[in-house]
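With mmCIF, C-alpha atoms inside, this is protein.cif:
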data_data
#
loop_
_atom_site.label_atom_id
_atom_site.label_comp_id
_atom_site.auth_asym_id
_atom_site.auth_seq_id
_atom_site.Cartn_x
_atom_site.Cartn_y
_atom_site.Cartn_z
CA ARG A 5 182.41 -40.76 32.44
CA VAL A 6 185.68 -41.68 30.80
CA SER A 7 187.36 -42.04 34.17
CA PHE A 8 184.43 -44.16 35.40
CA MET A 9 184.84 -46.51 32.42
CA ASN A 10 188.61 -46.82 33.06
CA ASN A 11 188.04 -47.69 36.68
CA GLN A 12 185.56 -50.39 35.76
CA LYS A 13 187.71 -51.94 33.04
CA PRO A 14 189.90 -54.37 35.09
CA GLN A 15 186.85 -55.67 36.93
CA LYS A 16 185.02 -57.09 33.89
CA PRO A 17 183.98 -60.54 35.17
CA THR A 18 184.19 -62.40 31.87
CA LEU A 19 187.64 -61.05 30.95
CA SER A 20 189.32 -61.71 34.30
CA GLY A 21 187.68 -65.11 34.58
CA GLN A 22 188.83 -66.05 31.13
CA ARG A 23 192.38 -64.90 31.85
CA PHE A 24 192.48 -66.93 35.07
CA LYS A 25 191.35 -70.12 33.35
CA THR A 26 193.87 -69.82 30.53
CA ARG A 27 196.72 -69.26 32.97
CA LYS A 28 195.71 -72.31 35.01
CA ARG A 29 195.63 -74.48 31.88
CA ASP A 30 199.07 -73.18 30.81
CA GLU A 31 200.49 -74.07 34.20
CA LYS A 32 199.09 -77.59 33.99
CA GLU A 33 200.77 -78.15 30.65
CA ARG A 34 203.95 -76.73 31.99
CA PHE A 35 203.95 -78.86 35.14
CA ASP A 36 203.04 -82.21 33.58
CA PRO A 37 206.10 -84.52 33.71
CA THR A 38 205.08 -86.52 30.64
CA GLN A 39 204.55 -83.38 28.60
CA PHE A 40 207.85 -81.98 29.88
CA GLN A 41 209.61 -85.14 28.76
CA ASP A 42 207.88 -85.12 25.35
CA CYS A 43 208.86 -81.46 24.76
CA ILE A 44 212.53 -82.14 25.59
CA ILE A 45 212.72 -85.37 23.57
CA GLN A 46 210.99 -83.82 20.56
CA GLY A 47 213.35 -80.84 20.66
CA LEU A 48 216.44 -83.05 20.96
CA THR A 49 215.27 -85.31 18.13
CA GLU A 50 214.84 -82.24 15.92
CA THR A 51 218.33 -80.90 16.69
CA GLY A 52 219.88 -84.28 15.86
CA SER A 53 223.50 -84.95 16.81
CA ASP A 54 224.60 -81.30 16.45
CA LEU A 55 225.54 -80.55 20.08
CA GLU A 56 225.80 -76.81 19.43
CA ALA A 57 222.15 -76.88 18.35
CA VAL A 58 221.31 -79.02 21.42
CA ALA A 59 222.87 -76.39 23.72
CA LYS A 60 220.89 -73.60 22.00
CA PHE A 61 217.65 -75.56 22.21
CA LEU A 62 218.14 -76.22 25.96
CA ASP A 63 218.99 -72.58 26.56
CA ALA A 64 215.82 -71.38 24.83
CA SER A 65 213.56 -74.07 26.39
CA GLY A 66 214.44 -72.95 29.92
CA ALA A 67 212.27 -69.88 29.41
CA LYS A 68 209.20 -71.98 28.51
CA LEU A 69 209.66 -75.19 30.53
CA ASP A 70 209.97 -75.63 34.27
CA TYR A 71 213.58 -76.81 34.64
CA ARG A 72 213.52 -76.16 38.35
CA ARG A 73 210.75 -78.68 38.99
CA TYR A 74 211.86 -81.28 36.44
CA ALA A 75 215.64 -81.13 36.76
CA GLU A 76 215.85 -84.89 37.33
CA THR A 77 213.78 -85.68 34.22
CA LEU A 78 215.86 -83.24 32.15
CA PHE A 79 219.17 -84.78 33.20
CA ASP A 80 217.88 -88.38 32.88
CA ILE A 81 217.01 -87.62 29.24
CA LEU A 82 220.34 -85.90 28.47
CA VAL A 83 222.32 -88.80 29.93
CA ALA A 84 220.20 -91.90 29.23
CA GLY A 85 217.76 -90.77 26.53
CA GLY A 86 214.62 -91.04 28.67
CA MET A 87 213.37 -91.18 32.25
CA LEU A 88 215.15 -93.77 34.39
CA ALA A 89 213.31 -96.22 36.59
CA PRO A 90 214.85 -97.12 39.99
CA GLY A 91 217.97 -99.22 39.41
CA GLY A 92 218.91 -97.48 36.18
CA THR A 93 216.69 -99.07 33.51
CA LEU A 94 214.79 -96.97 31.00
CA ALA A 95 211.03 -97.09 31.46
CA ASP A 96 209.64 -99.16 28.52
CA ASP A 97 206.47 -97.21 27.94
CA MET A 98 208.26 -93.86 27.70
CA THR A 99 209.41 -92.09 24.56
CA ARG A 100 213.17 -91.81 24.24
CA THR A 101 215.86 -90.07 22.20
CA ASN A 102 219.24 -91.10 20.82
CA VAL A 103 220.59 -87.59 21.40
CA CYS A 104 222.10 -88.46 24.78
CA VAL A 105 225.38 -89.46 26.46
CA PHE A 106 224.59 -93.20 26.51
CA ALA A 107 223.84 -93.34 22.77
CA ALA A 108 226.89 -91.26 21.77
CA GLN A 109 230.29 -92.51 20.64
CA GLU A 110 232.54 -93.86 23.38
CA ASP A 111 235.48 -91.48 23.05
CA LEU A 112 236.95 -88.56 24.97
CA GLU A 113 236.27 -85.96 22.27
CA THR A 114 232.54 -86.75 22.17
CA MET A 115 232.33 -86.66 25.98
CA GLN A 116 234.14 -83.29 26.02
CA ALA A 117 231.49 -81.95 23.62
CA PHE A 118 228.70 -83.28 25.89
CA ALA A 119 230.43 -81.73 28.90
CA GLN A 120 230.14 -78.37 27.11
CA VAL A 121 226.37 -78.87 26.77
CA PHE A 122 226.05 -79.41 30.56
CA ASN A 123 228.40 -76.50 31.29
CA LYS A 124 226.42 -74.05 29.18
CA LEU A 125 223.10 -75.23 30.58
CA ILE A 126 224.20 -74.92 34.22
CA ARG A 127 225.95 -71.58 33.66
CA ARG A 128 222.74 -70.25 32.10
CA TYR A 129 220.43 -71.70 34.79
CA LYS A 130 222.51 -71.60 37.99
CA TYR A 131 219.70 -73.15 40.05
CA LEU A 132 220.30 -76.46 38.20
CA GLU A 133 223.69 -76.91 39.91
CA LYS A 134 222.31 -78.76 42.93
CA GLY A 135 219.92 -80.86 40.81
CA PHE A 136 222.76 -81.91 38.52
CA GLU A 137 224.94 -82.91 41.47
CA ASP A 138 222.09 -85.02 42.87
CA GLU A 139 221.56 -86.57 39.43
CA VAL A 140 225.19 -87.67 39.12
CA LYS A 141 225.16 -89.13 42.65
CA LYS A 142 222.06 -91.11 41.66
CA LEU A 143 223.58 -92.26 38.34
CA LEU A 144 226.65 -93.55 40.18
CA LEU A 145 224.44 -95.62 42.47
CA PHE A 146 222.69 -97.02 39.35
CA LEU A 147 225.97 -98.12 37.68
CA LYS A 148 225.11 -101.84 37.80
CA GLY A 149 221.98 -101.14 35.72
CA PHE A 150 224.05 -99.71 32.84
CA SER A 151 226.08 -101.51 30.17
CA GLU A 152 229.89 -101.39 30.33
CA SER A 153 229.99 -98.93 27.44
CA GLU A 154 227.42 -96.66 29.16
CA ARG A 155 229.47 -96.77 32.37
CA ASN A 156 232.63 -95.87 30.46
CA LYS A 157 230.97 -92.86 28.83
CA LEU A 158 229.53 -91.69 32.16
CA ALA A 159 232.96 -92.10 33.81
CA MET A 160 234.70 -90.03 31.11
CA LEU A 161 232.03 -87.33 31.26
CA THR A 162 232.18 -87.19 35.09
CA GLY A 163 235.99 -86.88 35.01
CA ILE A 164 235.77 -83.94 32.58
CA LEU A 165 233.06 -82.21 34.64
CA LEU A 166 235.13 -82.68 37.83
CA ALA A 167 238.12 -81.17 36.05
CA ASN A 168 236.28 -78.06 34.89
CA GLY A 169 234.58 -77.49 38.24
CA THR A 170 230.98 -78.18 37.11
CA LEU A 171 230.90 -81.03 39.64
CA ASN A 172 232.28 -81.23 43.16
CA ALA A 173 234.45 -84.24 44.13
CA SER A 174 232.02 -85.07 46.97
CA ILE A 175 229.86 -86.89 44.36
CA LEU A 176 232.47 -89.69 44.49
CA ASN A 177 230.95 -90.75 47.83
CA SER A 178 228.38 -92.71 45.78
CA LEU A 179 231.18 -95.00 44.55
CA TYR A 180 231.72 -96.27 48.10
CA ASN A 181 228.37 -98.07 47.93
CA GLU A 182 228.97 -101.57 49.33
CA ASN A 183 227.50 -103.49 46.36
CA LEU A 184 229.38 -101.47 43.76
CA VAL A 185 232.66 -101.94 45.66
CA LYS A 186 232.12 -105.67 46.22
CA GLU A 187 231.49 -106.38 42.55
CA GLY A 188 234.47 -104.35 41.33
CA VAL A 189 232.25 -101.80 39.57
CA SER A 190 233.56 -98.84 41.61
CA ALA A 191 237.25 -99.51 40.90
CA ALA A 192 236.67 -100.09 37.15
CA PHE A 193 234.59 -96.90 36.93
CA ALA A 194 237.24 -94.94 38.87
CA VAL A 195 239.92 -95.94 36.34
CA LYS A 196 238.05 -94.30 33.43
CA LEU A 197 237.00 -91.34 35.57
CA PHE A 198 240.52 -90.52 36.84
CA LYS A 199 242.02 -91.01 33.37
CA SER A 200 239.78 -88.33 31.87
CA TRP A 201 240.14 -86.06 34.95
CA ILE A 202 243.96 -86.22 34.89
CA ASN A 203 243.90 -85.82 31.09
CA GLU A 204 242.01 -82.51 31.49
CA LYS A 205 244.13 -81.24 34.42
CA ASP A 206 246.94 -83.10 36.22
CA ILE A 207 247.40 -85.19 39.36
CA ASN A 208 248.13 -82.09 41.50
CA ALA A 209 244.81 -80.46 40.56
CA VAL A 210 243.03 -83.77 41.25
CA ALA A 211 244.75 -83.97 44.65
CA VAL A 212 243.60 -80.44 45.57
CA SER A 213 239.97 -81.27 44.68
CA LEU A 214 240.07 -84.52 46.69
CA ARG A 215 241.67 -82.80 49.69
CA LYS A 216 238.94 -80.11 49.76
CA VAL A 217 236.28 -82.77 50.39
CA ASN A 218 238.46 -84.94 52.69
CA MET A 219 238.62 -87.71 50.12
CA ASP A 220 242.40 -87.74 49.65
CA ASN A 221 242.78 -90.60 52.15
CA ARG A 222 239.71 -92.60 51.13
CA LEU A 223 240.59 -93.87 47.65
CA MET A 224 241.51 -97.35 48.90
CA GLU A 225 237.84 -97.77 49.93
CA LEU A 226 237.12 -98.34 46.21
CA PHE A 227 238.17 -101.93 47.00
CA PRO A 228 236.64 -104.45 49.44
CA ALA A 229 238.12 -104.45 52.97
CA ASN A 230 240.37 -107.47 52.31
CA LYS A 231 241.98 -105.66 49.35
CA GLN A 232 242.45 -102.25 50.92
CA SER A 233 246.24 -102.15 50.82
CA VAL A 234 248.64 -99.75 49.12
CA GLU A 235 250.16 -102.72 47.25
CA HIS A 236 246.81 -103.83 45.78
CA PHE A 237 245.75 -100.27 44.90
CA SER A 238 249.12 -99.52 43.34
CA LYS A 239 249.16 -102.71 41.23
CA TYR A 240 245.55 -102.24 40.01
CA PHE A 241 245.89 -98.60 38.96
CA THR A 242 249.45 -98.90 37.61
CA GLU A 243 248.37 -101.78 35.36
CA ALA A 244 245.43 -99.64 34.21
CA GLY A 245 247.90 -96.89 33.16
CA LEU A 246 247.42 -94.60 36.18
CA LYS A 247 250.87 -94.72 37.74
CA GLU A 248 250.60 -91.11 38.98
CA LEU A 249 247.45 -91.97 40.95
CA SER A 250 249.19 -95.02 42.47
CA GLU A 251 252.14 -92.88 43.56
CA TYR A 252 249.82 -90.22 44.96
CA VAL A 253 247.99 -92.79 47.14
CA ARG A 254 251.28 -94.34 48.26
CA ASN A 255 252.52 -90.89 49.26
CA GLN A 256 249.25 -90.07 51.07
CA GLN A 257 249.47 -93.33 52.98
CA SER A 258 253.04 -92.57 53.97
CA ILE A 259 252.11 -89.04 55.17
CA GLY A 260 249.22 -90.51 57.18
CA ALA A 261 251.49 -93.14 58.75
CA ARG A 262 254.06 -90.49 59.71
CA LYS A 263 251.40 -88.26 61.30
CA GLU A 264 250.01 -91.24 63.20
CA LEU A 265 253.51 -92.20 64.37
CA GLN A 266 254.21 -88.67 65.66
CA LYS A 267 250.87 -88.50 67.48
CA GLU A 268 251.38 -91.89 69.15
CA LEU A 269 255.00 -91.03 70.06
CA GLN A 270 253.93 -87.83 71.81
CA GLU A 271 251.30 -89.75 73.77
CA GLN A 272 253.84 -92.40 74.81
CA MET A 273 256.29 -89.70 75.93
CA SER A 274 253.67 -87.80 77.91
CA ARG A 275 252.70 -91.07 79.65
CA GLY A 276 256.37 -91.72 80.41
CA ASP A 277 256.46 -95.14 78.69
CA PRO A 278 259.81 -96.99 78.96
CA PHE A 279 262.19 -96.25 76.05
CA LYS A 280 262.51 -99.94 75.17
CA ASP A 281 258.73 -100.08 74.53
CA ILE A 282 258.80 -96.87 72.48
CA ILE A 283 261.77 -98.13 70.42
CA LEU A 284 260.03 -101.43 69.73
CA TYR A 285 256.83 -99.65 68.63
CA VAL A 286 258.72 -97.25 66.32
CA LYS A 287 260.72 -100.08 64.71
CA GLU A 288 257.52 -102.02 64.00
CA GLU A 289 255.92 -98.92 62.41
CA MET A 290 259.05 -98.33 60.30
CA LYS A 291 258.86 -101.85 58.94
CA LYS A 292 255.09 -101.87 58.43
CA ASN A 293 254.91 -98.50 56.63
CA ASN A 294 258.32 -98.51 55.00
CA ILE A 295 259.49 -95.38 56.88
CA SER A 296 263.21 -94.57 56.70
CA GLU A 297 265.45 -94.01 59.72
CA GLN A 298 266.08 -90.42 58.55
CA THR A 299 262.35 -89.70 58.60
CA VAL A 300 261.96 -91.33 62.02
CA VAL A 301 264.79 -89.35 63.61
CA THR A 302 263.15 -86.04 62.52
CA ILE A 303 259.79 -87.22 63.93
CA ILE A 304 261.43 -88.15 67.26
CA TRP A 305 263.26 -84.81 67.40
CA SER A 306 260.02 -82.87 66.76
CA SER A 307 258.13 -84.96 69.32
CA VAL A 308 260.83 -84.55 71.99
CA MET A 309 260.97 -80.77 71.47
CA SER A 310 257.19 -80.36 71.53
CA THR A 311 256.68 -82.01 74.94
CA VAL A 312 258.14 -79.02 76.85
CA GLU A 313 257.08 -75.47 77.63
CA TRP A 314 260.38 -73.69 76.88
CA ASN A 315 261.72 -70.83 78.95
CA LYS A 316 261.60 -67.49 77.16
CA LYS A 317 264.95 -66.37 78.63
CA GLU A 318 267.90 -67.19 76.43
CA GLU A 319 270.29 -67.74 79.33
CA LEU A 320 267.96 -70.30 80.94
CA VAL A 321 266.71 -72.15 77.86
CA ALA A 322 270.07 -73.78 77.04
CA GLU A 323 270.29 -75.31 80.50
CA GLN A 324 266.68 -76.50 80.26
CA ALA A 325 267.28 -77.98 76.77
CA ILE A 326 270.41 -79.91 77.82
CA LYS A 327 268.63 -81.40 80.82
CA HIS A 328 265.62 -82.41 78.69
CA LEU A 329 267.62 -83.78 75.74
CA LYS A 330 270.00 -85.74 77.99
CA GLN A 331 266.98 -87.67 79.21
CA TYR A 332 265.88 -88.52 75.63
CA SER A 333 269.32 -89.17 74.09
CA PRO A 334 269.00 -93.01 74.37
CA LEU A 335 265.82 -92.82 72.27
CA LEU A 336 267.51 -90.70 69.58
CA ALA A 337 270.63 -92.90 69.67
CA ALA A 338 268.50 -95.94 68.75
CA PHE A 339 267.61 -94.27 65.43
CA THR A 340 270.95 -92.74 64.39
CA THR A 341 272.65 -95.97 63.33
CA GLN A 342 273.52 -94.50 59.88
CA GLY A 343 275.70 -91.50 59.06
CA GLN A 344 272.88 -90.03 56.95
CA SER A 345 270.48 -90.19 59.92
CA GLU A 346 273.02 -88.35 62.11
CA LEU A 347 273.43 -85.65 59.46
CA THR A 348 269.64 -85.35 59.13
CA LEU A 349 269.38 -84.84 62.90
CA LEU A 350 272.13 -82.20 62.83
CA LEU A 351 270.27 -80.27 60.15
CA LYS A 352 267.03 -80.50 62.16
CA ILE A 353 268.83 -79.13 65.25
CA GLN A 354 270.28 -76.27 63.17
CA GLU A 355 266.87 -75.46 61.72
CA TYR A 356 265.19 -75.59 65.14
CA CYS A 357 267.78 -73.32 66.79
CA TYR A 358 267.47 -70.83 63.92
CA ASP A 359 263.66 -70.82 63.90
CA ASN A 360 263.45 -70.49 67.72
CA ILE A 361 265.52 -67.41 68.48
CA HIS A 362 266.09 -68.30 72.18
CA PHE A 363 268.00 -71.41 71.04
CA MET A 364 270.53 -69.60 68.83
CA LYS A 365 273.30 -69.90 71.47
CA ALA A 366 272.34 -73.44 72.50
CA PHE A 367 273.28 -75.16 69.22
CA GLN A 368 276.87 -76.11 70.11
CA LYS A 369 275.87 -77.31 73.60
CA ILE A 370 273.20 -79.66 72.09
CA VAL A 371 275.68 -81.07 69.55
CA VAL A 372 278.33 -81.69 72.21
CA LEU A 373 275.76 -83.38 74.46
CA PHE A 374 274.71 -85.69 71.62
CA TYR A 375 278.35 -86.43 70.79
CA LYS A 376 279.01 -87.47 74.38
CA ALA A 377 275.77 -89.51 74.48
CA GLU A 378 276.79 -91.30 71.25
CA VAL A 379 273.82 -89.95 69.31
CA LEU A 380 276.22 -88.17 66.92
CA SER A 381 279.71 -89.21 65.83
CA GLU A 382 282.76 -87.31 64.49
CA GLU A 383 282.32 -87.91 60.78
CA PRO A 384 278.78 -86.45 60.32
CA ILE A 385 279.68 -83.45 62.55
CA LEU A 386 282.82 -82.73 60.46
CA LYS A 387 280.84 -83.19 57.22
CA TRP A 388 278.15 -80.82 58.49
CA TYR A 389 280.81 -78.23 59.39
CA LYS A 390 282.63 -78.52 56.07
CA ASP A 391 279.87 -78.39 53.47
CA ALA A 392 276.59 -80.05 54.56
CA HIS A 393 275.16 -77.28 56.79
CA LEU A 394 272.10 -75.20 55.93
CA ALA A 395 272.31 -71.50 55.04
CA LYS A 396 270.06 -70.62 58.02
CA GLY A 397 272.23 -68.84 60.62
CA LYS A 398 275.32 -70.61 59.27
CA SER A 399 277.87 -67.95 60.29
CA VAL A 400 276.61 -67.98 63.92
CA PHE A 401 276.54 -71.80 64.16
CA LEU A 402 279.87 -72.38 62.38
CA GLU A 403 281.51 -69.88 64.73
CA GLN A 404 279.99 -71.67 67.75
CA MET A 405 281.28 -75.03 66.50
CA LYS A 406 284.79 -73.88 65.51
CA LYS A 407 286.64 -74.91 68.71
CA PHE A 408 284.78 -78.20 69.07
CA VAL A 409 285.47 -79.12 65.45
CA GLU A 410 289.19 -78.32 65.92
CA TRP A 411 289.23 -80.52 69.00
CA LEU A 412 287.52 -83.33 67.03
CA LYS A 413 290.07 -83.08 64.23
CA ASN A 414 292.97 -83.19 66.71
CA ALA A 415 291.41 -86.12 68.58
CA GLU A 416 290.98 -87.92 65.26
CA GLU A 417 294.62 -87.26 64.26
CA GLU A 418 295.84 -88.42 67.67
CA SER A 419 293.84 -91.65 67.49
CA GLU A 420 295.13 -92.24 63.95
CA SER A 421 298.79 -91.78 65.04
CA GLU A 422 298.19 -94.02 68.07
CA ALA A 423 296.77 -96.67 65.78
CA GLU A 424 299.85 -96.40 63.53
CA GLU A 425 302.22 -96.75 66.55
CA GLY A 426 300.21 -99.83 67.66
CA ASP A 427 300.76 -101.35 64.21
#

Kindly transcribe the structure held in the file into structure tokens.
Amino acid sequence: RVSFMNNQKPQKPTLSGQRFKTRKRDEKERFDPTQFQDCIIQGLTETGSDLEAVAKFLDASGAKLDYRRYAETLFDILVAGGMLAPGGTLADDMTRTNVCVFAAQEDLETMQAFAQVFNKLIRRYKYLEKGFEDEVKKLLLFLKGFSESERNKLAMLTGILLANGTLNASILNSLYNENLVKEGVSAAFAVKLFKSWINEKDINAVAVSLRKVNMDNRLMELFPANKQSVEHFSKYFTEAGLKELSEYVRNQQSIGARKELQKELQEQMSRGDPFKDIILYVKEEMKKNNISEQTVVTIIWSSVMSTVEWNKKEELVAEQAIKHLKQYSPLLAAFTTQGQSELTLLLKIQEYCYDNIHFMKAFQKIVVLFYKAEVLSEEPILKWYKDAHLAKGKSVFLEQMKKFVEWLKNAEEESESEAEEGD
């Protein structure tokens, strides 16, 4: 009888029906956006401006309220004090709180404290990560709807959250919105954002984050097309106190220009374009991108050496190299008009012969060829031999060059004595 009663117990119609109804009503309360907002705002108002208490309240509320469904509402309230209408204005008929980013003091310390609130919340409820990222992307698109002070606070907060890894740098894509760029909102926002980001970390850490999301070469897009120049970017951010960011962009631009130059050079060589056309193109690029002759000569050397499938036999590679380099010596000669460029080329040849073992015995032959072709002259060769060589394979290369250097010295002495006799 007892066992019969136990079996019947879960099937009591009134009890199970009652339980079902209660659960349904609980879910409704839990899933109602207005009630969700009221619960959060009431809780925040009770905690006041104590951000430690705010963090504890949010931590505890996650067990009772549906953060997953209402992530956008939650973050709207924490940033703006209430739910945001499209465009970034606060809905008039909604309750709001002053315990939020936009109502806080506009200083770095306060924004660092708010960043801690977001950090703790997202660490506790990992599923909010994506929702928070979407929220920030949306807030950036709404920038025009906020006051200047609100934008400044959001920029500082975003910079701190980028620095500590709560946000991914891909959110910056929102700043490339055409209207924000055109009206100068993006650039002004970026100043505050990068200041707080660099303040938390440094320019190298910022560069790594930007590179990971392929944004290291896109910063100039913060300006309209007619102002997308290194000069304009540099002036704007240097005047705003971000010299390190200006230098970083200048350097990135220079790296990009050098890569582009090398790629185009290799294509011109493989097509067999006339040297005079190649020289003209390179000189224009040097002027346009402020590239030095020393840099250009290393690019040409690398390009020339990469256009050939080299023989793996040491005894044959030297012959192949001389034949190939003889053909390109007029091109190299056009960009060794300074002693420093000649020395740079010598060091590149030394490095190449050391790094490519089959070329170890070809070093002296290449140098002599370039001397005869007037790519290299006596003085840089003698300087290289005396004290400007690299440590890589130096004993092998100095030994190879010994006789040629002695010959150069004698030739130099002879020409000097001839000049004296002429006088």

re atom CA of Asn181 of chain A and atom CA of Thr93 of chain A: distance 18.6 Å

Once the PyMOL selection byres ((chain A and resi 266) around 12) has been applied to the shown file, what residues remain in the selection, as a ChimeraX atom specification? /A:259-265,267-273,282,285-286,289,299-311

Please enumerate the residues selected by the PyMOL selection byres ((chain A and resi 191) around 10) when evaluated against the supplied file, formatted as a list of chain:residue names. A:Leu179, A:Tyr180, A:Leu184, A:Val185, A:Lys186, A:Glu187, A:Gly188, A:Val189, A:Ser190, A:Ala192, A:Phe193, A:Ala194, A:Val195, A:Lys196, A:Leu197, A:Leu223, A:Met224, A:Glu225, A:Leu226, A:Phe227, A:Pro228, A:Phe237, A:Tyr240, A:Phe241

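Straight-line separation from atom CA of Glu50 of chain A to atom CA of Arg127 of chain A: 23.5 Å.
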
I need the output of the PyMOL selection byres ((chain A and resi 365) around 9) for this file as a PyMOL selection string; which residues are they? chain A and resi 318-319+322+357+361-364+366-369+400-401+404

Residue contacts of Tyr252 of chain A (10 Å, all atoms listed in the file) excluding same-chain residues fewer than 2 positions away, as number ranges by chain: A: 207-208, 211, 220, 238, 247-250, 254-258

With a cut-off of 12 Å, could you pull out the residues of segment 40-128 of chain A touching segment 136-142 of chain A and give me the nearest pair of atoms for each, distance in Å to one decimal, using only C-alpha atoms, ordered by chain and ascending number, as a Markdown table?
| residue | atom | partner | partner_atom | distance |
| --- | --- | --- | --- | --- |
| A:Tyr71 | CA | A:Phe136 | CA | 11.2 |
| A:Arg72 | CA | A:Phe136 | CA | 10.9 |
| A:Tyr74 | CA | A:Phe136 | CA | 11.1 |
| A:Ala75 | CA | A:Phe136 | CA | 7.4 |
| A:Glu76 | CA | A:Glu139 | CA | 6.3 |
| A:Thr77 | CA | A:Glu139 | CA | 9.4 |
| A:Leu78 | CA | A:Phe136 | CA | 9.5 |
| A:Phe79 | CA | A:Glu139 | CA | 6.9 |
| A:Asp80 | CA | A:Glu139 | CA | 7.7 |
| A:Ile81 | CA | A:Glu139 | CA | 11.2 |
| A:Leu82 | CA | A:Glu139 | CA | 11.0 |
| A:Val83 | CA | A:Val140 | CA | 9.7 |
| A:Ala84 | CA | A:Glu139 | CA | 11.6 |
| A:Met87 | CA | A:Glu139 | CA | 11.8 |
| A:Leu88 | CA | A:Lys142 | CA | 10.4 |
| A:Ala89 | CA | A:Lys142 | CA | 11.3 |
| A:Pro90 | CA | A:Lys142 | CA | 9.5 |
| A:Gly91 | CA | A:Lys142 | CA | 9.4 |
| A:Gly92 | CA | A:Lys142 | CA | 9.0 |
| A:Phe122 | CA | A:Phe136 | CA | 9.0 |
| A:Asn123 | CA | A:Phe136 | CA | 10.6 |
| A:Leu125 | CA | A:Phe136 | CA | 10.4 |
| A:Ile126 | CA | A:Phe136 | CA | 8.3 |
| A:Arg127 | CA | A:Phe136 | CA | 11.9 |

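Taking atom CA of Val212 of chain A as the reference point, atom CA of Gly169 of chain A is found at 12.0 Å.
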
Go through A:Arg73, A:Thr101, A:Pro278, A:Lys406 and flag the residue nearest Thr51 of chain A, using only C-alpha atoms for the distances. A:Thr101

Any idea what's packed within 8 Å of segment 57-66 of chain A, counting only C-alpha atoms, ignoring anything in its chain fewer than 6 positions away? Could you give it as a list in words? Gly47, Leu48, Thr51, Val121, Lys124, Leu125, Arg128 and Tyr129 of chain A

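Residues of protein, DNA or RNA having at least one counted atom within 6 Å of (273.9, -83.2, 78.3), given all atoms listed in the file, are Ile326, Lys330 and Leu373 of chain A.
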
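Compared by their closest atoms to Leu402 of chain A, and using all atoms listed in the file, the residues A:Val321, A:Ile385, A:Ala107, A:Ile164 rank with A:Ile385 nearest.
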
Reconstruct segment 316-327 of chain A at the level of N, CA and C atoms, and format the result as a short mmCIF file (atom, residue, chain, number, x, y, z; two decimals), keeping the file's coordinate frame.
data_model
loop_
_atom_site.label_atom_id
_atom_site.label_comp_id
_atom_site.auth_asym_id
_atom_site.auth_seq_id
_atom_site.Cartn_x
_atom_site.Cartn_y
_atom_site.Cartn_z
N LYS A 316 261.43 -68.57 78.15
CA LYS A 316 261.60 -67.49 77.16
C LYS A 316 262.94 -66.76 77.32
N LYS A 317 263.66 -67.05 78.41
CA LYS A 317 264.95 -66.37 78.63
C LYS A 317 266.08 -67.19 78.02
N GLU A 318 266.84 -66.51 77.18
CA GLU A 318 267.90 -67.19 76.43
C GLU A 318 268.92 -67.87 77.34
N GLU A 319 269.25 -67.19 78.44
CA GLU A 319 270.29 -67.74 79.33
C GLU A 319 269.82 -68.99 80.08
N LEU A 320 268.49 -69.15 80.21
CA LEU A 320 267.96 -70.30 80.94
C LEU A 320 267.56 -71.46 80.02
N VAL A 321 267.24 -71.12 78.75
CA VAL A 321 266.71 -72.15 77.86
C VAL A 321 267.74 -73.21 77.51
N ALA A 322 269.02 -72.81 77.39
CA ALA A 322 270.07 -73.78 77.04
C ALA A 322 270.19 -74.85 78.12
N GLU A 323 270.19 -74.39 79.36
CA GLU A 323 270.29 -75.31 80.50
C GLU A 323 269.09 -76.27 80.52
N GLN A 324 267.91 -75.70 80.28
CA GLN A 324 266.68 -76.50 80.26
C GLN A 324 266.73 -77.53 79.13
N ALA A 325 267.21 -77.10 77.94
CA ALA A 325 267.28 -77.98 76.77
C ALA A 325 268.24 -79.14 77.01
N ILE A 326 269.40 -78.86 77.59
CA ILE A 326 270.41 -79.91 77.82
C ILE A 326 269.85 -80.96 78.78
N LYS A 327 269.20 -80.49 79.84
CA LYS A 327 268.63 -81.40 80.82
C LYS A 327 267.57 -82.31 80.17
#
